[in-house]
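Here's the structure, in structure tokens; my notes come after.
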Amino acid sequence: MIIGLDVGGTHTDVVLLGNNGLMREIKVTTDSSDLFQTVLGGLEKITEGIEPAEISRVVLSTTLTTNAIVQEKNPQVGMIVSGGPGIDPELFRTNEHYFTVSGCMDHRGRETEPVNESDIRKIADTLKKEKIRNVGIVGKFSARNPAHELRIYEIIKDSFGKVFFGHQVSGHLNFPRRIATTYLNATVRPIHKEFFEAVRKSLEEKGLTVPIHILKADGGTMSLESSIDFPGQSILSGPAASVMGAIGFATDKDDALVLDIGGTTTDIALLVKGVPVLEPLGIRLGNYKTLIRSLKTRSIGLGGDSVVRVKDGKLEVGPDRVGPAMAYGGTFPTPTDALFVLRMVEDGDREKSVKGIETIAKALDMSSETVASHIFDHVCGKILTEARDMTDRINSKPVYTVHELQEGYQVKPKEILVLGGPAPYFAERFEALSDFSVSVVPRWKVANAIGAALARTTCEVTLFADTQQGIAASPEENFSETVDKNFSKEKAIRKADELLKQKALQSGAASIDDLETEVIEDLEFNMVHGFYTAGKNIRVKVQVKPGLIFDAGCLLDA
Amino acid sequence: MLTAKNKTGLVFFPAFDWAISPTHPEREERLLYTRDQVFEEGLFDIEGITELKADFARAQDVERVHFCIPDVWEVTTESHFISAGGAKTVGMAVLDKQVEKGFALVRPPGHHAMRMVHGARGFCNINIEAVMIEFLRAAYGVDRVAIVDTDCHHGDGTQDIYWHDPDTLFISIHQDGRTLYPGSGFINELGGPNAAGTTINIPLPPSTSEEGFLYTIRNMVLPILDDFKPDLIINSAGQDNHYSDPITNMNFSAQGYAELTSLLKADIAVLEGGYSIEGALPYVNVGIILAMAGIDYSNVKEPDYDPDRIRQSSEVSSYIEDVGEDVMEVWQQREEIKAERQGKKKFDERPRRIYYDTDGITERQNETIRICSDCGGALRIDSSSDRRGRVLAIHIPIKACKACREVGHEWYDSANTENFETVLLQDRPEDVLRVKELRS
Ligand SMILES: [Zn+2]
Ligand SMILES: [Zn+2]
């Protein structure tokens, strides 16, 4: 049996899946001041009366690290950043104890300026005096050559706790994001570590010694153990949980939109032939643009509990939420109240909804029913517009080869999958308002927790080779070897694939059999000096596609 | 968070799968390290810098500018359509006010491509700036345009296309033609009789460094732009003046290019040449992008940058001052020169031989321009090459006066297809290309 748990802003959804499908589903209220109790309470409740030995896997999607970052409750860390020529790295400052140092690598990973060791020692002394435990070290082009980051580590390693390296967060080239990502990993580590070790301990005390996996923003999982060194990967996993809950019901022939209608927001995602679209570089959280792999999702401030009001004679919905719908004791009319007026929902106090919607109706000089219907159309129409807008933006992403521009795949979603509380009502209206074929994801209220439960381990590996310098390397994986002139793109792909599978196993994949891997970049250039070919420059990127460990359809159709 | 002062749009199209030949300077690898540097600096994440996807240019966009022999498809590849299309995308973004400034970081380049195209010259097949400008004129009614070509080679193609156009100011700053391909671009090349003075050539001596280039911008280019008052300034941003460029002899730097960019304040920049692909382009392009966007570029330097090592000699400085005096004298006397060149003539002729070095084709031209004080004048080119038969190409300018339109049509209608394999008419007021062929 598998447990999936997804912490949301108001509710935490927990499911128990067995061989014959969904066995249990529960919702508990999220206590954001004590997430530990929320998670543990949810796990206790779902396993009541279940033999611990029968549970084989637990997957958790929490808002712990996201909240810590947004609320700036992060402990102080030290950052040592070497930039070299270019934009002044001071402009990428992440925190108080942030030091820019000399030392520089160029775009091919060749040293152009050495590290100044005495400067590093001085910084280490300062950080020690400030009682800093964890440190991040980031160099420009360290994804090409991590030598400087490692050299700095050698100098300071005895004085600090955990040291985070820029070259380990991603193989992508983006220095400012590498800095931000390293910082986030370093700063959320204590919170993340303490929390999940406590979760593990509590479960063990109950006899549950199963592998615990953490859901990531890219819709994949990683083991609790590997998450301790990359805690930043756990941010913003919520939208990914929903997408993973939907993909089991999407066709692999066409493209589709996934709409998760929540209380405060609606999250939109895109599937290309059943596979979710990823952010090209990484997720953005507040002011932090990162290299944390993530599904491309767009969150808009429109949901069942968005405040409805009239402004300058015009209807306005959201983006704020003040409380629940009036039918459930709230103080402002909401789209959910409109559903009550339209008699689409019945399990609340309709009178209160009518009262709320009437104030809007009066201001617009319409009947309550007409206004309720307007409100609903307004919300559905806006969500559809945003979804089309997101599709257009994905289609206008630049490409860099003649071939890609000519053959460029255009995403054309034909289908919409809807999940979240009010999914069935919205689905009906989406279909009426558009040409999409619309369906509701089975178990739409807890599909997110099911998605978390079934998500496979994902990862990505970047490998580059420079046969003139005689190296093939993947600094992110601590891999580097010498190669001769005959090293080729094909060999690079094979090597990268090997590293990828190794990484997936280390990150908690049960076996390499259910990993769907793909090559996402393969470039090979002749490097010409004068009029002679001096070597080859090869860049390869491979990934495990986000997907499910087994077919959700056969689990849930029953 | 880092924010651009000027909203800037970039088309980045490195054409990673296109080369003239595997070891040619214009090959797949050319913008590879530039991409690495631009990505690593995180330029596309800066608030106010937007990456735009290149559109394909259409055949019509090319035919508005060029006479392609035998046709557009024969003298271009897809990559040329994307390169010109990328420039067009940037131009539209600026004219639509989606961004304030735009930079088309595209290849292959275009500034050696002339109005007649029998093949490739100096790595160029079609003139991507001209394709963009003429599109913007047709679609947005842009009138006065200034092109400042800062490539190390004389922009002879752009010069040819705008030779007779009084509404396009073409300024080329380049290494003296006596020392570098294509061997032209002297001060006395100042435009045809109807547009005398709106072609300006500033030949600089080898070893010109930051000081000389910036002197040229401050003391020649900016005052001339001030007088001309263009609606749009285009920079043909070649980067082969760099001290590390393998095929030229200048001493310019990333800092210099960035400062030039912030002085020039071009609305649109289009990449031209530049073949020091590891040592120069990554830094020069970052410098140009930051300068356009109005972001501090003072720390953008080549790893081996040493201003003392590349500083120009006092001889070079005083030589450039002399060039400046000659250039400004021509500019100030442009009306007199124009009157003198027009004289009482009805037509003026210009016989030429053009060599297409990249493709090894020789063309003979005889150009006839109608002398006109009301417009750029009807233009007639009688062209033949060692590959194909004789062609007659007629151009009626977009703002042609009635008389020039009539002359252009008369030339076209009366042209005998027994003498010419093809007769072409670029009717710009109607925005069409008309074609008559012998065997059809
Ligand atoms: Zn050039
Ligand atoms: Zn005229």
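Going through the structure tokens in order, the chains are called A, B, and so on, while each chain numbers its residues from 1 and the ligands are numbered from 1 in the order shown.
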Region 299-402 of chain B: residues DSSP assigns to strand (DSSP E), reported as a PyMOL selection string: chain B and resi 347-356+361-370+379-385+391-396
Against chain B, which residues of chain A fall within 9 Å? For each one I want the closest pair of atoms and the distance in Å (one decimal), counting only C-alpha atoms, rows by chain and increasing residue number, as CSV.
residue,atom,partner,partner_atom,distance
A:Gly84,CA,B:Asn299,CA,8.4
A:Pro85,CA,B:Val300,CA,5.2
A:Gly86,CA,B:Val300,CA,4.3
A:Ile87,CA,B:Asn299,CA,6.2
A:Asp88,CA,B:Asn299,CA,6.4
A:Leu91,CA,B:Leu2,CA,6.9
A:Phe92,CA,B:Met1,CA,7.6
A:Cys104,CA,B:Pro303,CA,8.7
A:Asp106,CA,B:Pro303,CA,7.9
A:His107,CA,B:Asp36,CA,6.2
A:Arg108,CA,B:Tyr33,CA,7.9
A:Thr112,CA,B:Pro303,CA,6.1
A:Glu113,CA,B:Pro303,CA,8.0
A:Lys140,CA,B:Glu40,CA,7.3
A:Phe141,CA,B:Glu40,CA,6.9
A:His172,CA,B:Glu40,CA,8.3
A:Leu173,CA,B:Glu40,CA,4.6
A:Asn174,CA,B:Glu40,CA,4.0
A:Phe175,CA,B:Glu40,CA,5.1
A:Pro176,CA,B:Gly42,CA,6.2
A:Arg177,CA,B:Gly42,CA,7.5
A:Asn287,CA,B:Met1,CA,7.5
A:Lys289,CA,B:Asp45,CA,8.0
A:Ser396,CA,B:Lys53,CA,6.0
A:Lys397,CA,B:Lys53,CA,6.2
A:Pro398,CA,B:Lys53,CA,4.3
A:Val399,CA,B:Lys53,CA,7.1
A:Tyr400,CA,B:Phe13,CA,5.3
A:Thr401,CA,B:Ala15,CA,4.6
A:Val402,CA,B:Ala15,CA,5.8
A:His403,CA,B:Asp17,CA,7.4
A:Leu405,CA,B:Ala54,CA,8.5
A:Gln406,CA,B:Glu78,CA,8.7
A:Leu523,CA,B:Phe16,CA,8.3
A:Phe525,CA,B:Glu29,CA,5.9
A:Asn526,CA,B:Glu29,CA,6.8
A:Met527,CA,B:Glu29,CA,6.7
A:Val528,CA,B:Thr23,CA,6.1
A:His529,CA,B:Thr23,CA,8.6
A:Gly530,CA,B:Pro246,CA,8.1
A:Phe531,CA,B:Thr23,CA,5.7
A:Tyr532,CA,B:Thr23,CA,6.7
A:Thr533,CA,B:Thr23,CA,7.0
A:Asn537,CA,B:Glu29,CA,8.9
7 Å shell around ligand 2 using only C-alpha atoms and all ligand atoms, listed as a count of residues only: 12
Return as a CSV table (one decimal) with N, CA, C and O atoms, in the first residue's frame the residues of protein, DNA or RNA that approach ligand 1 to within 8 Å, with only C-alpha atoms and all ligand atoms taken into account.
chain,number,residue,atom,x,y,z
B,151,ASP,N,30.7,47.7,-38.2
B,151,ASP,CA,31.5,46.5,-38.6
B,151,ASP,C,32.9,47.0,-39.1
B,151,ASP,O,33.0,48.1,-39.6
B,152,CYS,N,33.9,46.2,-38.9
B,152,CYS,CA,35.2,46.6,-39.4
B,152,CYS,C,35.4,46.7,-40.9
B,152,CYS,O,36.2,47.4,-41.4
B,153,HIS,N,34.5,46.0,-41.6
B,153,HIS,CA,34.5,46.0,-43.1
B,153,HIS,C,33.5,47.1,-43.6
B,153,HIS,O,32.5,47.3,-42.9
B,154,HIS,N,33.9,47.7,-44.7
B,154,HIS,CA,33.0,48.7,-45.2
B,154,HIS,C,31.7,48.0,-45.6
B,154,HIS,O,31.6,47.0,-46.2
B,238,GLY,N,28.6,45.1,-36.2
B,238,GLY,CA,29.7,44.1,-36.4
B,238,GLY,C,30.6,44.2,-35.3
B,238,GLY,O,30.8,45.3,-34.7
B,239,GLN,N,31.3,43.1,-35.0
B,239,GLN,CA,32.2,43.1,-33.8
B,239,GLN,C,33.6,42.7,-34.2
B,239,GLN,O,34.4,42.3,-33.3
B,240,ASP,N,33.9,42.9,-35.5
B,240,ASP,CA,35.3,42.5,-35.9
B,240,ASP,C,36.3,43.6,-35.8
B,240,ASP,O,37.4,43.4,-36.2
B,272,GLU,N,26.4,42.1,-37.2
B,272,GLU,CA,27.0,41.8,-38.5
B,272,GLU,C,28.2,40.8,-38.3
B,272,GLU,O,28.0,39.8,-37.7
B,273,GLY,N,29.4,41.2,-38.7
B,273,GLY,CA,30.5,40.3,-38.6
B,273,GLY,C,31.1,40.2,-37.1
B,273,GLY,O,30.5,40.8,-36.2
B,274,GLY,N,32.2,39.6,-37.0
B,274,GLY,CA,32.8,39.4,-35.7
B,274,GLY,C,33.2,37.9,-35.6
B,274,GLY,O,32.3,37.1,-35.5
Backbone DSSP call of alpha helix (DSSP H) for region 265-403 of chain B, listed as a PyMOL selection string: chain B and resi 281-293+307-310+314-332+334-342+402-403
Residue selection dump (C-alpha atoms) as a short mmCIF file (atom, residue, chain, number, x, y, z; two decimals), in the first residue's frame:
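Once everything was written out, this is out-v3.cif:
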data_model
loop_
_atom_site.label_atom_id
_atom_site.label_comp_id
_atom_site.auth_asym_id
_atom_site.auth_seq_id
_atom_site.Cartn_x
_atom_site.Cartn_y
_atom_site.Cartn_z
CA LEU B 281 31.97 37.97 -29.07
CA PRO B 282 30.81 36.67 -25.66
CA TYR B 283 31.98 39.85 -23.94
CA VAL B 284 31.15 42.34 -26.69
CA ASN B 285 27.59 41.06 -26.98
CA VAL B 286 27.01 41.15 -23.22
CA GLY B 287 28.41 44.71 -23.25
CA ILE B 288 26.13 45.80 -26.09
CA ILE B 289 23.03 44.24 -24.52
CA LEU B 290 23.67 45.86 -21.14
CA ALA B 291 24.42 49.22 -22.74
CA MET B 292 21.22 49.10 -24.79
CA ALA B 293 19.19 48.18 -21.74
CA PRO B 307 43.84 49.00 -22.18
CA ASP B 308 47.52 49.94 -22.25
CA ARG B 309 48.42 47.14 -24.61
CA ILE B 310 45.83 48.18 -27.19
CA SER B 314 49.47 59.53 -31.37
CA GLU B 315 49.93 59.15 -35.15
CA VAL B 316 46.71 57.17 -35.33
CA SER B 317 44.94 59.79 -33.22
CA SER B 318 46.02 62.72 -35.37
CA TYR B 319 45.25 60.78 -38.57
CA ILE B 320 41.70 60.22 -37.29
CA GLU B 321 41.35 63.92 -36.48
CA ASP B 322 42.23 64.69 -40.10
CA VAL B 323 39.69 62.15 -41.34
CA GLY B 324 37.14 63.87 -39.12
CA GLU B 325 37.80 67.25 -40.67
CA ASP B 326 37.38 65.87 -44.18
CA VAL B 327 34.19 63.99 -43.27
CA MET B 328 32.59 67.01 -41.64
CA GLU B 329 33.57 69.26 -44.52
CA VAL B 330 31.79 66.97 -46.98
CA TRP B 331 28.75 66.83 -44.71
CA GLN B 332 28.55 70.60 -44.38
CA ARG B 334 26.43 68.35 -49.09
CA GLU B 335 23.87 70.70 -50.69
CA GLU B 336 26.50 72.30 -52.93
CA ILE B 337 27.93 68.91 -53.83
CA LYS B 338 24.48 67.64 -54.70
CA ALA B 339 23.72 70.63 -56.94
CA GLU B 340 27.04 70.23 -58.67
CA ARG B 341 26.58 66.48 -59.23
CA GLN B 342 23.07 66.88 -60.55
CA LYS B 402 5.01 61.32 -60.52
CA ALA B 403 7.63 61.89 -63.21
#
Non-local contacts of Ile394 (chain A) (10 Å; only C-alpha atoms; under 6 positions in same chain excluded) as a ChimeraX atom specification: /A:270,277,279,296,388,410-411
Residue contacts of region 126-141 of chain B (8 Å, only C-alpha atoms) excluding same-chain residues fewer than 4 positions away, as a PyMOL selection string: chain B and resi 61-62+64-66+76+80+83-85+87-88+91-92+95+109-114+117+145+157-158+161+234+236+270+431
Would you put the residues from that selection into a file with N, CA, C and O atoms, as a compact mmCIF listing (two decimals), in the first residue's frame?
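Listed below is the output, result_16.txt:
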# COMPACT_ATOMS: atom_id res chain seq x y z
N ASP B 61 9.39 40.26 -48.56
CA ASP B 61 10.25 41.18 -47.80
C ASP B 61 11.62 41.32 -48.47
O ASP B 61 12.22 42.39 -48.45
N VAL B 62 12.10 40.22 -49.01
CA VAL B 62 13.41 40.24 -49.67
C VAL B 62 13.31 40.97 -51.00
O VAL B 62 14.15 41.79 -51.36
N ARG B 64 11.41 43.29 -51.89
CA ARG B 64 11.21 44.72 -51.72
C ARG B 64 12.56 45.45 -51.82
O ARG B 64 12.61 46.62 -52.15
N VAL B 65 13.64 44.73 -51.48
CA VAL B 65 14.97 45.32 -51.42
C VAL B 65 15.83 44.86 -52.60
O VAL B 65 16.49 45.66 -53.26
N HIS B 66 15.84 43.54 -52.82
CA HIS B 66 16.81 42.95 -53.74
C HIS B 66 16.19 42.54 -55.07
O HIS B 66 15.00 42.22 -55.15
N THR B 76 19.28 32.11 -51.59
CA THR B 76 19.18 32.14 -50.13
C THR B 76 19.03 30.72 -49.57
O THR B 76 18.77 29.79 -50.32
N HIS B 80 18.93 32.43 -44.00
CA HIS B 80 18.85 33.85 -44.36
C HIS B 80 17.47 34.42 -44.06
O HIS B 80 17.33 35.56 -43.65
N SER B 83 17.41 34.92 -40.31
CA SER B 83 18.27 36.03 -39.91
C SER B 83 17.59 37.37 -40.22
O SER B 83 17.46 38.25 -39.35
N ALA B 84 17.10 37.51 -41.45
CA ALA B 84 16.38 38.73 -41.82
C ALA B 84 15.07 38.83 -41.04
O ALA B 84 14.66 39.91 -40.60
N GLY B 85 14.44 37.67 -40.84
CA GLY B 85 13.18 37.64 -40.10
C GLY B 85 13.39 38.06 -38.65
O GLY B 85 12.55 38.73 -38.05
N ALA B 87 15.65 40.16 -37.57
CA ALA B 87 15.78 41.62 -37.57
C ALA B 87 14.39 42.26 -37.67
O ALA B 87 14.07 43.22 -36.97
N LYS B 88 13.57 41.67 -38.52
CA LYS B 88 12.20 42.17 -38.71
C LYS B 88 11.39 42.07 -37.40
O LYS B 88 10.69 43.01 -37.02
N GLY B 91 12.47 44.80 -35.17
CA GLY B 91 11.97 46.07 -35.68
C GLY B 91 10.50 46.27 -35.33
O GLY B 91 10.08 47.35 -34.89
N MET B 92 9.72 45.20 -35.50
CA MET B 92 8.28 45.30 -35.19
C MET B 92 8.06 45.55 -33.71
O MET B 92 7.20 46.36 -33.33
N LEU B 95 8.72 49.20 -33.12
CA LEU B 95 7.69 50.08 -33.70
C LEU B 95 6.33 49.90 -33.01
O LEU B 95 5.55 50.83 -32.91
N PRO B 109 25.23 37.21 -41.50
CA PRO B 109 25.14 38.67 -41.62
C PRO B 109 24.67 39.10 -43.01
O PRO B 109 24.36 38.26 -43.85
N GLY B 110 24.63 40.42 -43.26
CA GLY B 110 24.05 40.87 -44.52
C GLY B 110 24.62 42.13 -45.15
O GLY B 110 24.24 42.48 -46.26
N HIS B 111 25.56 42.83 -44.48
CA HIS B 111 25.83 44.20 -44.95
C HIS B 111 26.67 44.30 -46.23
O HIS B 111 26.87 45.38 -46.75
N HIS B 112 27.16 43.15 -46.74
CA HIS B 112 27.84 43.20 -48.05
C HIS B 112 26.89 42.87 -49.20
O HIS B 112 27.30 42.87 -50.35
N ALA B 113 25.64 42.55 -48.89
CA ALA B 113 24.68 42.22 -49.96
C ALA B 113 24.12 43.50 -50.56
O ALA B 113 23.59 44.36 -49.86
N MET B 114 24.26 43.62 -51.89
CA MET B 114 23.83 44.83 -52.60
C MET B 114 22.41 44.65 -53.13
O MET B 114 21.78 43.63 -52.92
N VAL B 117 21.41 40.74 -56.46
CA VAL B 117 22.02 39.57 -55.80
C VAL B 117 22.15 38.41 -56.79
O VAL B 117 21.15 37.80 -57.18
N VAL B 145 15.56 57.29 -41.92
CA VAL B 145 16.28 56.25 -41.19
C VAL B 145 17.78 56.53 -41.29
O VAL B 145 18.27 56.92 -42.35
N GLY B 157 27.40 46.75 -49.24
CA GLY B 157 26.08 46.33 -49.70
C GLY B 157 25.02 47.33 -49.29
O GLY B 157 24.20 47.78 -50.10
N THR B 158 25.05 47.73 -48.03
CA THR B 158 24.08 48.71 -47.54
C THR B 158 24.27 50.04 -48.27
O THR B 158 23.32 50.70 -48.66
N ILE B 161 22.60 49.81 -51.64
CA ILE B 161 21.13 49.84 -51.61
C ILE B 161 20.61 51.25 -51.36
O ILE B 161 19.60 51.66 -51.93
N ILE B 234 19.55 52.77 -36.78
CA ILE B 234 19.89 51.35 -36.81
C ILE B 234 21.41 51.23 -36.68
O ILE B 234 22.15 51.96 -37.34
N SER B 236 24.37 48.68 -37.45
CA SER B 236 24.86 47.40 -37.97
C SER B 236 26.05 47.03 -37.10
O SER B 236 27.16 47.51 -37.30
N VAL B 270 21.68 45.33 -35.13
CA VAL B 270 21.65 44.05 -35.83
C VAL B 270 23.09 43.56 -35.90
O VAL B 270 23.98 44.30 -36.33
N ASP B 431 4.20 48.58 -53.78
CA ASP B 431 4.75 47.47 -53.00
C ASP B 431 4.62 46.12 -53.72
O ASP B 431 4.19 45.13 -53.12
Residue contacts of Tyr153 (chain A) (10 Å, only C-alpha atoms) excluding same-chain residues fewer than 5 positions away, as a PyMOL selection string: chain A and resi 120+135-137+147-148+158+160+163-165
Contacts of Ala180 (chain A) at 10 Å (only C-alpha atoms; same-chain gap of 6+ positions) as a PyMOL selection string: chain A and resi 92-95+136+138+166+186+287-292
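Here CA of Val307 (chain A) and CA of Thr265 (chain A) stand 11.5 Å from one another.
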Non-local contacts of region 444-459 of chain A (6 Å; only C-alpha atoms; under 6 positions in same chain excluded) as a VMD selection string: chain A and resid 3 to 6 13 to 14 59 220 to 222 241 to 242 244 to 245 419 to 421 509 543 to 544 547 to 549
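Here CA of Leu215 (chain A) is placed at a distance of 5.0 Å from CA of Ser61 (chain A).
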